[in-house]
Every structure is written in structure tokens, then in C-alpha cells.
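> Below is the file entry26.txt, which contains compact mmCIF, C-alpha atoms.
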```txt
# COMPACT_ATOMS: atom_id res chain seq x y z
CA MET O 143 224.91 4.33 176.44
CA ARG O 144 223.90 6.09 179.63
CA THR O 145 225.01 9.66 179.84
CA ALA O 146 224.92 12.13 182.68
CA ARG O 147 222.33 14.75 181.97
CA ARG O 148 221.92 18.28 183.18
CA SER O 149 218.74 19.43 184.81
CA PRO O 150 216.42 20.58 182.03
CA ALA O 151 215.77 24.32 182.03
CA ARG O 152 212.03 23.96 181.51
CA LEU O 153 209.70 21.68 179.80
CA ALA O 154 207.08 22.64 177.35
CA ILE O 155 203.58 22.70 178.63
CA SER O 156 201.04 20.57 180.28
CA GLY O 157 203.03 17.81 181.64
CA VAL O 158 203.37 15.86 184.63
CA SER O 159 206.38 15.69 186.86
CA LEU O 160 206.97 14.07 190.27
CA ALA O 161 209.77 15.09 192.60
CA THR O 162 211.37 12.91 195.19
CA ALA O 163 212.94 14.38 198.18
CA LEU O 164 215.17 13.20 200.91
CA THR O 165 216.00 14.10 204.41
CA VAL O 166 217.20 12.74 207.68
CA LEU O 167 215.99 15.36 210.11
CA GLY O 168 213.13 14.95 212.54
CA ALA O 169 212.83 16.33 216.06
CA ALA O 170 210.56 14.64 218.56
CA ALA O 171 209.01 17.94 219.56
CA ALA O 172 208.29 19.02 215.97
CA PRO O 173 204.62 19.38 214.98
CA ALA O 174 203.41 16.39 213.00
CA PHE O 175 201.07 15.97 210.03
CA ALA O 176 198.24 13.47 209.80
CA ASP O 177 200.55 10.70 208.60
CA GLY O 178 203.06 11.40 211.35
CA THR O 179 205.57 13.26 209.19
CA PRO O 180 207.33 15.92 211.28
CA ALA O 181 207.02 19.39 209.81
CA ASP O 182 210.78 19.97 209.85
CA LYS O 183 211.38 16.70 208.01
CA ALA O 184 209.01 17.72 205.22
CA ALA O 185 210.64 21.13 205.02
CA SER O 186 214.10 19.56 204.88
CA ALA O 187 213.01 17.15 202.14
CA ALA O 188 211.53 20.01 200.11
CA ALA O 189 214.74 22.00 200.53
CA VAL O 190 216.80 19.14 199.07
CA VAL O 191 214.54 18.94 196.03
CA GLU O 192 214.38 22.69 195.51
CA LYS O 193 218.15 22.95 195.72
CA ALA O 194 218.35 20.57 192.75
CA THR O 195 215.53 22.09 190.71
CA GLY O 196 215.42 25.75 191.69
CA THR O 197 212.16 27.49 192.52
CA GLY O 198 211.85 30.19 189.86
CA ASP O 199 209.38 28.20 187.76
CA LEU O 200 207.20 26.71 190.51
CA ALA O 201 203.53 27.46 189.87
CA PRO O 202 201.30 28.73 192.69
CA SER O 203 199.05 25.92 193.87
CA VAL O 204 196.26 25.35 196.36
CA ASN O 205 195.32 22.43 198.57
CA THR O 206 191.94 20.90 197.75
CA THR O 207 189.89 17.95 198.99
CA GLU O 208 191.03 15.98 195.92
CA ALA O 209 194.66 17.05 195.67
CA ALA O 210 197.60 17.90 197.88
CA ALA O 211 198.31 20.67 195.37
CA LYS O 212 196.40 21.94 192.37
CA ALA O 213 197.81 24.51 189.95
CA MET O 214 195.98 26.13 187.04
CA VAL O 215 198.35 27.56 184.46
CA ASN O 216 197.60 29.49 181.26
CA THR O 217 199.67 28.35 178.30
CA ARG O 218 199.58 29.18 174.61
CA ALA O 219 197.57 26.00 174.09
CA GLY O 220 195.03 26.97 176.75
CA GLU O 221 194.63 26.41 180.45
CA VAL O 222 196.37 23.40 181.94
CA THR O 223 195.56 21.98 185.36
CA VAL O 224 198.26 20.06 187.22
CA THR O 225 197.38 18.07 190.31
CA ALA O 226 199.55 16.33 192.89
CA PRO O 227 197.63 13.48 194.54
CA ARG O 228 196.80 13.45 198.22
CA GLY O 229 198.62 10.14 198.57
CA ALA O 230 201.80 8.82 196.98
CA ALA O 231 199.94 5.92 195.37
CA GLY O 232 197.78 8.31 193.31
CA ASP O 233 198.39 9.77 189.87
CA VAL O 234 200.05 13.06 189.17
CA LYS O 235 197.96 14.48 186.35
CA ALA O 236 198.19 17.19 183.74
CA THR O 237 194.85 18.02 182.18
CA ALA O 238 194.66 20.02 178.96
CA ALA O 239 192.03 22.53 177.95
CA ASP O 240 190.14 19.87 175.97
CA GLY O 241 189.75 17.71 179.07
CA SER O 242 192.30 15.08 178.07
CA SER O 243 194.93 14.23 180.65
CA LEU O 244 198.19 12.40 181.11
CA GLY O 245 198.91 10.61 184.37
CA LEU O 246 202.03 9.21 186.01
CA LYS O 247 202.72 7.61 189.36
CA LEU O 248 205.65 5.96 191.05
CA ALA O 249 204.93 2.23 191.18
CA GLY O 250 204.91 0.26 194.41
CA THR O 251 204.70 3.18 196.80
CA LYS O 252 203.34 3.16 200.33
CA GLY O 253 200.14 5.04 201.11
CA VAL O 254 201.96 8.16 202.31
CA SER O 255 200.13 11.49 202.46
CA GLY O 256 201.59 14.47 200.60
CA VAL O 257 202.80 17.44 202.60
CA LYS O 258 203.26 20.82 200.92
CA ALA O 259 206.46 22.50 202.05
CA GLY O 260 209.18 24.90 200.94
CA SER O 261 208.19 27.03 197.95
CA GLY O 262 205.37 24.73 196.91
CA THR O 263 206.91 21.26 196.68
CA VAL O 264 204.62 18.43 197.76
CA VAL O 265 206.65 15.82 199.68
CA TYR O 266 205.79 12.15 200.16
CA GLY O 267 208.30 10.79 202.65
CA GLU O 268 209.76 7.30 202.60
CA VAL O 269 207.46 5.94 199.89
CA SER O 270 209.80 2.98 199.54
CA LYS O 271 213.11 1.97 201.12
CA SER O 272 215.29 5.07 201.56
CA THR O 273 213.30 6.83 198.83
CA ASP O 274 211.19 9.98 199.01
CA LEU O 275 208.86 11.40 196.39
CA ALA O 276 207.72 14.95 195.68
CA VAL O 277 205.69 16.86 193.10
CA GLN O 278 206.28 20.36 191.75
CA PRO O 279 203.69 21.99 189.46
CA THR O 280 205.52 24.39 187.14
CA THR O 281 204.61 27.63 185.42
CA ASP O 282 204.82 26.03 181.96
CA GLY O 283 201.81 23.87 182.80
CA GLY O 284 203.86 20.85 183.74
CA ALA O 285 204.96 19.02 186.83
CA ARG O 286 208.37 17.78 187.77
CA THR O 287 208.65 14.22 189.03
CA LEU O 288 211.72 13.66 191.12
CA VAL O 289 212.79 10.73 193.21
CA THR O 290 215.38 11.14 195.91
CA LEU O 291 217.59 8.19 196.78
CA LYS O 292 218.60 8.91 200.35
CA ASP O 293 221.41 6.39 200.63
CA ARG O 294 222.94 3.39 198.89
CA SER O 295 220.19 1.04 200.04
CA ALA O 296 217.64 2.82 197.80
CA SER O 297 216.80 1.11 194.53
CA ASN O 298 218.64 2.39 191.45
CA GLU O 299 215.64 1.47 189.30
CA GLN O 300 212.47 3.51 189.59
CA ARG O 301 209.29 2.51 187.76
CA PHE O 302 206.52 4.92 186.84
CA ASP O 303 203.09 3.77 185.70
CA LEU O 304 201.92 5.79 182.70
CA ASP O 305 198.29 6.63 181.98
CA LEU O 306 198.30 7.75 178.34
CA PRO O 307 195.14 9.21 176.80
CA GLN O 308 193.35 6.97 174.34
CA GLY O 309 195.14 6.81 171.02
CA ALA O 310 198.35 8.40 172.33
CA ARG O 311 201.71 6.66 171.95
CA LEU O 312 205.35 7.29 172.73
CA ILE O 313 208.08 7.81 170.14
CA PRO O 314 211.77 8.09 171.15
CA ASP O 315 212.99 11.64 170.51
CA GLY O 316 216.60 10.70 169.89
CA ASN O 317 217.80 12.58 172.98
CA GLY O 318 216.91 10.04 175.64
CA GLY O 319 213.30 11.10 176.07
CA PHE O 320 210.02 10.44 174.27
CA GLY O 321 207.51 12.44 172.30
CA VAL O 322 203.87 11.82 173.21
CA VAL O 323 201.92 11.76 169.96
CA LYS O 324 198.23 11.56 169.21
CA PRO O 325 196.51 10.78 165.89
CA ALA O 326 195.37 13.79 163.89
CA ALA O 327 193.94 12.24 160.73
CA ASP O 328 194.86 10.07 157.74
CA GLY O 329 197.71 8.41 159.62
CA ALA O 330 199.42 11.60 160.73
CA SER O 331 200.07 12.12 164.45
CA MET O 332 200.92 15.37 166.20
CA THR O 333 203.23 15.74 169.16
CA VAL O 334 201.08 16.88 172.06
CA GLY O 335 203.41 16.18 174.95
CA ALA O 336 206.80 14.86 175.91
CA ILE O 337 208.83 12.93 178.42
CA GLU O 338 212.07 14.84 178.66
CA ALA O 339 215.41 13.11 178.82
CA PRO O 340 216.05 12.26 182.48
CA TRP O 341 218.59 13.87 184.74
CA ALA O 342 220.01 13.12 188.16
CA LYS O 343 222.26 14.99 190.60
CA ASP O 344 224.12 13.90 193.68
CA ALA O 345 224.39 15.81 196.96
CA ASN O 346 227.25 17.89 195.57
CA GLY O 347 225.30 18.90 192.49
CA LYS O 348 227.31 16.60 190.23
CA PRO O 349 225.43 14.90 187.38
CA VAL O 350 224.72 11.18 187.76
CA ALA O 351 224.28 8.96 184.70
CA THR O 352 220.66 7.99 184.13
CA ASP O 353 218.43 6.76 181.32
CA TYR O 354 214.95 5.48 180.46
CA LYS O 355 213.48 2.36 179.00
CA LEU O 356 209.87 1.37 178.40
CA ASP O 357 208.42 -1.81 179.87
CA GLY O 358 204.81 -2.11 178.76
CA ASN O 359 202.98 0.88 180.23
CA GLN O 360 205.82 1.61 182.65
CA LEU O 361 208.56 4.17 182.25
CA VAL O 362 211.67 2.73 183.90
CA GLN O 363 214.44 5.08 185.02
CA HIS O 364 217.85 3.65 185.88
CA ILE O 365 220.16 5.78 188.00
CA GLU O 366 223.81 4.71 187.84
CA THR O 367 225.38 5.46 191.20
CA ASN O 368 228.87 4.31 192.15
CA LYS O 369 231.38 4.47 195.03
CA ASP O 370 232.02 8.15 194.33
CA THR O 371 228.36 9.18 194.37
CA ALA O 372 227.42 11.52 197.23
CA PHE O 373 223.96 10.83 198.61
CA PRO O 374 221.21 11.86 198.49
CA VAL O 375 220.64 11.69 194.75
CA VAL O 376 217.71 13.54 193.19
CA ALA O 377 216.47 12.26 189.81
CA ASP O 378 213.72 13.57 187.57
CA PRO O 379 211.46 12.36 184.82
CA LYS O 380 209.19 15.13 183.54
CA ILE O 381 206.08 14.61 181.46
CA THR O 382 204.10 17.24 179.58
CA TRP O 383 200.72 17.04 177.93
CA GLY O 384 198.29 19.15 175.92
CA ASN O 385 200.58 21.28 173.77
CA VAL O 386 200.37 20.76 170.00
CA THR O 387 203.90 21.32 168.82
CA GLY O 388 205.26 21.67 165.31
CA THR O 389 206.16 18.01 164.85
CA ALA O 390 204.06 15.61 162.81
CA TYR O 391 204.68 11.87 162.58
CA PHE O 392 203.37 9.64 159.80
CA THR O 393 202.74 5.91 159.77
CA LYS O 394 204.29 3.54 157.25
CA SER O 395 201.05 3.51 155.31
CA GLU O 396 200.87 7.29 155.10
CA THR O 397 204.58 7.53 154.28
CA LYS O 398 204.03 5.10 151.41
CA ASN O 399 201.08 7.09 150.08
CA ILE O 400 203.03 10.35 150.19
CA ALA O 401 205.97 8.71 148.42
CA ILE O 402 203.76 7.32 145.64
CA TYR O 403 201.12 9.99 145.15
CA GLY O 404 202.92 13.13 146.31
CA ALA O 405 202.57 15.14 149.47
CA THR O 406 199.54 17.25 148.63
CA ALA O 407 197.73 14.43 146.85
CA ALA O 408 198.17 11.94 149.68
CA LEU O 409 197.38 14.13 152.66
CA SER O 410 194.93 16.89 153.29
CA VAL O 411 197.06 19.64 154.82
CA GLY O 412 194.01 20.63 156.81
CA VAL O 413 194.93 17.97 159.37
CA LEU O 414 198.05 19.94 160.29
CA PRO O 415 197.95 23.09 162.42
CA PRO O 416 199.10 26.47 161.05
CA PRO O 417 201.74 27.29 159.99
CA LEU O 418 202.77 23.67 159.44
CA ASN O 419 199.98 23.16 156.90
CA VAL O 420 201.12 26.12 154.77
CA LEU O 421 204.76 25.09 154.86
CA TYR O 422 203.79 21.51 154.04
CA ARG O 423 202.13 22.70 150.84
CA ILE O 424 205.03 24.98 149.89
CA ASN O 425 207.54 22.20 150.49
CA ALA O 426 205.48 19.39 148.96
CA ALA O 427 208.28 18.24 146.61
CA LEU O 428 210.76 18.06 149.49
CA VAL O 429 208.26 16.16 151.63
CA THR O 430 207.59 13.68 148.82
CA ALA O 431 211.32 13.05 148.32
CA LYS O 432 211.86 12.50 152.03
CA ALA O 433 208.89 10.12 152.16
CA ALA O 434 210.38 8.13 149.29
CA GLU O 435 213.69 7.94 151.16
CA ALA O 436 211.95 6.80 154.34
CA ARG O 437 209.96 4.15 152.46
CA SER O 438 213.05 2.71 150.79
CA ASP O 439 214.73 2.29 154.19
CA ASP O 440 211.55 0.94 155.80
CA TYR O 441 211.31 4.04 157.99
CA CYS O 442 208.52 6.56 158.54
CA LEU O 443 208.26 10.24 157.65
CA LYS O 444 208.27 13.00 160.24
CA ILE O 445 208.15 16.77 159.81
CA LYS O 446 209.34 19.30 162.35
CA PHE O 447 208.58 22.99 162.39
CA ALA O 448 210.42 25.15 164.90
CA ALA O 449 211.42 28.83 164.88
CA GLY O 450 210.38 29.18 161.25
CA VAL O 451 212.41 26.16 160.10
CA PHE O 452 210.63 23.38 158.21
CA VAL O 453 212.54 20.08 158.43
CA PRO O 454 211.27 16.81 156.91
CA GLY O 455 213.02 13.77 158.39
CA VAL O 456 212.62 10.07 159.11
CA TYR O 457 212.22 7.94 162.22
CA SER O 458 212.36 4.23 162.94
CA ASN O 459 211.60 3.65 166.63
CA GLY O 460 207.84 3.68 166.97
CA CYS O 461 207.35 3.57 163.20
CA SER O 462 204.50 1.22 162.31
```
Do you think you could lay out the structure here as C-alpha cells?

Amino acid sequence: MRTARRSPARLAISGVSLATALTVLGAAAAPAFADGTPADKAASAAAVVEKATGTGDLAPSVNTTEAAAKAMVNTRAGEVTVTAPRGAAGDVKATAADGSSLGLKLAGTKGVSGVKAGSGTVVYGEVSKSTDLAVQPTTDGGARTLVTLKDRSASNEQRFDLDLPQGARLIPDGNGGFGVVKPAADGASMTVGAIEAPWAKDANGKPVATDYKLDGNQLVQHIETNKDTAFPVVADPKITWGNVTGTAYFTKSETKNIAIYGATAALSVGVLPPPLNVLYRINAALVTAKAAEARSDDYCLKIKFAAGVFVPGVYSNGCS
């Protein structure tokens, strides 16, 4: 069921996020950029996006020969570099301290140059019919990806090509988004990024129902407008990468081994980061019982650590 979602406060760390803007202004005498975009039109588009997202968490960025905006942000997992491409057909990328990166781009866009405007929003105007795009690097090491549907002729389905690092996969988080997980060892995978549940707002700031689905390597966002929707509509998928969080996922094979041989016997806790490894050992009996439950239901084991709470659980989507 599609539900209207509020704009997320902030996303964890090194992610990627695109923002789409809208606008209908453009004076003939206004100074123009290389692609012919009037300066006031870019500023107006950025203002629409920043009204929806706020500007308190925008990261300072610089224009380089490779990127329309490049931001380097220090996070608890290390330095993260977020880049907005020079053209709309390029990848927005978040690169972690270890050099791995996650990329995302809006599919089927025109070769429109990015223009930095407002408080640091990079605008790509009219990338497809009645649709603008923009990118906002954020202080958490991520980047917001928003699309702005300028009127009813804009497509309600937006497709984003994903460039996942080798070995990474997506697991539904149960809230409308996805966890990005990467193998640690012995079948366990750690969450190292996320695609937050999507949100959308109309011109009056009212939430618009929206949701995701996966189609191969594409993230598909559906935005459910209706006769009462006030345009433009700003919608946002946000991707993060590079932050090892306190959630571990186990394959069916590893879940089976833990259920049969016990938690500490089946898995070296050294593959888990502190303090998850210590809590895993302390709660070995609980982990084993939860693994047995997951195995009997043909599910997989997962373990979440947050704010000092150790919670073994099960998952089915993405369990293999």
C-alpha cells in the first residue's frame, strides 16, 4: 500500500541523493549559463527544492572540472566524498573512505548541464518532459536526490539506475526503503548504506503518496498525484553509502549453521564490528534460538544493535 511520507530529517552517512527542481520563470534579459539556462530560472528551481528540503544540512561544496559540486564530509566512518555530475546523464556518487562508492542517476535524462544555485543546490533543468533534477550534498555525507514534477504532464514514474559496489545487495527495510548490505565473512553481511523510504510534497507542502519498487538494477519511484495535487511536486529518494551500522544479515546457510551448531560455534564473532561482536557472544543462546525460529519458517537471521539495544530478528525479502 502506498503511503504518504514525510520528508526524512536526515539520512545516515555517505549516500547519494538527487534533487529535482521546478520553475517557470525566465527573463529574456537574464544572464545565461553555457547550456542556455537563465540564471533566474536556476535560482527559482533551487528555491523550490530548498523550500521542500530546508537548507540547514546542506554541505559546502566546490565546483571542479569533474563535478558540478563536490563535497568532502567527515563522518564517524571516515571521510565521505559526494559528487554531483556536470551533466544530468552522469552519476551522483558517494565515495567512502575505503574508496568504494555507490552511484545513482535518473534514467533517460537529456544532456543538461548542472547549475549551482541557492544555498548549494545543483539544478538540471528540464531533464525530461516537465521534470527538473537537482542534487544536494548533505552534511551527513549523503546527497539528496529529488525530482520535481512541474505539472500534470510530467511522468509519475521515475527510474534511477543504481551502481552498487561489487558484492553489495539491497534488502527491504520494512519501512518502504532498502538497506544496502555488503558481505563481511562466513555468510554474514553488514549494512553499509541505505535507500530511505521515499517522500513527496506538493506545492502547498502537503505529502503525496509515493513508493519504491526494484526492477533489475533500477530503483523505480511511483508518485501518486491526483486532481487535488498542487504542482509542482518535489519527490526524493536518498541513498547513503560507507557507514557500517549495527545491523548484520545472515544467509540461509549461515542461519542453518547457527541454528544447528550454536551462535559462537557457527560464526567467528570477529567478523562483526564492536560492540556487536561482544553482544553477539553474550547473547549467543538468544541468537541460536532466533536462528532456529528463522530456519523453521524458511527465513534468515538478522541482528540489530542500536542505542545499546541488541535485537535478533528474522527477514524474508532478500533472504537467500
> So the first atom is atom CA of Asp303 of chain O and the second is atom CA of Gly220 of chain O; what is the distance between them in Å, to one decimal place?
26.1 Å
> When you look at segment 221-229 of chain O with a cut-off of 8 Å (counting all atoms listed in the file), what residues show up, excluding the ones that are within fewer than 2 positions of it in the same chain? I need them as a ChimeraX atom specification.
/O:155-158,208-217,219,231-239,253-256,264,266,277-279,283-285,384
> Counting all atoms listed in the file, which residues have an atom no more than 10 Å from (202.1, 8.3, 175.5) in the file's coordinates? Please list them as a list in words.
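Residues satisfying the cut-off, written out: Leu244, Gly245, Leu304, Asp305, Leu306, Pro307, Gln308, Gly309, Ala310, Arg311, Leu312, Ile313, Phe320, Gly321, Val322, Val323, Lys324, Thr333, Val334, Gly335, Ala336, Ile337, Asn359, Ile381 and Trp383 of chain O.
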> Any idea what's packed within 7 Å of segment 445-462 of chain O, counting all atoms listed in the file, ignoring anything in its chain fewer than 5 positions away? Could you give it as a PDB file with C-alpha atoms, in the frame of the given file?

```pdb
ATOM      1  CA  ILE O 313     208.080   7.810 170.140  1.00  0.00           C
ATOM      2  CA  PRO O 314     211.770   8.090 171.150  1.00  0.00           C
ATOM      3  CA  GLY O 388     205.260  21.670 165.310  1.00  0.00           C
ATOM      4  CA  THR O 389     206.160  18.010 164.850  1.00  0.00           C
ATOM      5  CA  ALA O 390     204.060  15.610 162.810  1.00  0.00           C
ATOM      6  CA  TYR O 391     204.680  11.870 162.580  1.00  0.00           C
ATOM      7  CA  THR O 393     202.740   5.910 159.770  1.00  0.00           C
ATOM      8  CA  LYS O 394     204.290   3.540 157.250  1.00  0.00           C
ATOM      9  CA  LEU O 418     202.770  23.670 159.440  1.00  0.00           C
ATOM     10  CA  LEU O 421     204.760  25.090 154.860  1.00  0.00           C
ATOM     11  CA  VAL O 429     208.260  16.160 151.630  1.00  0.00           C
ATOM     12  CA  LYS O 432     211.860  12.500 152.030  1.00  0.00           C
ATOM     13  CA  ALA O 436     211.950   6.800 154.340  1.00  0.00           C
TER      14      ALA O 436
END
```
> When distances are computed from only C-alpha atoms, which of O:Val362, O:Val420, O:Val204, O:Ala345 shows the smallest separation from Leu248 of chain O?
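Once distances to Leu248 of chain O are computed over only C-alpha atoms, the minimum belongs to O:Val362.
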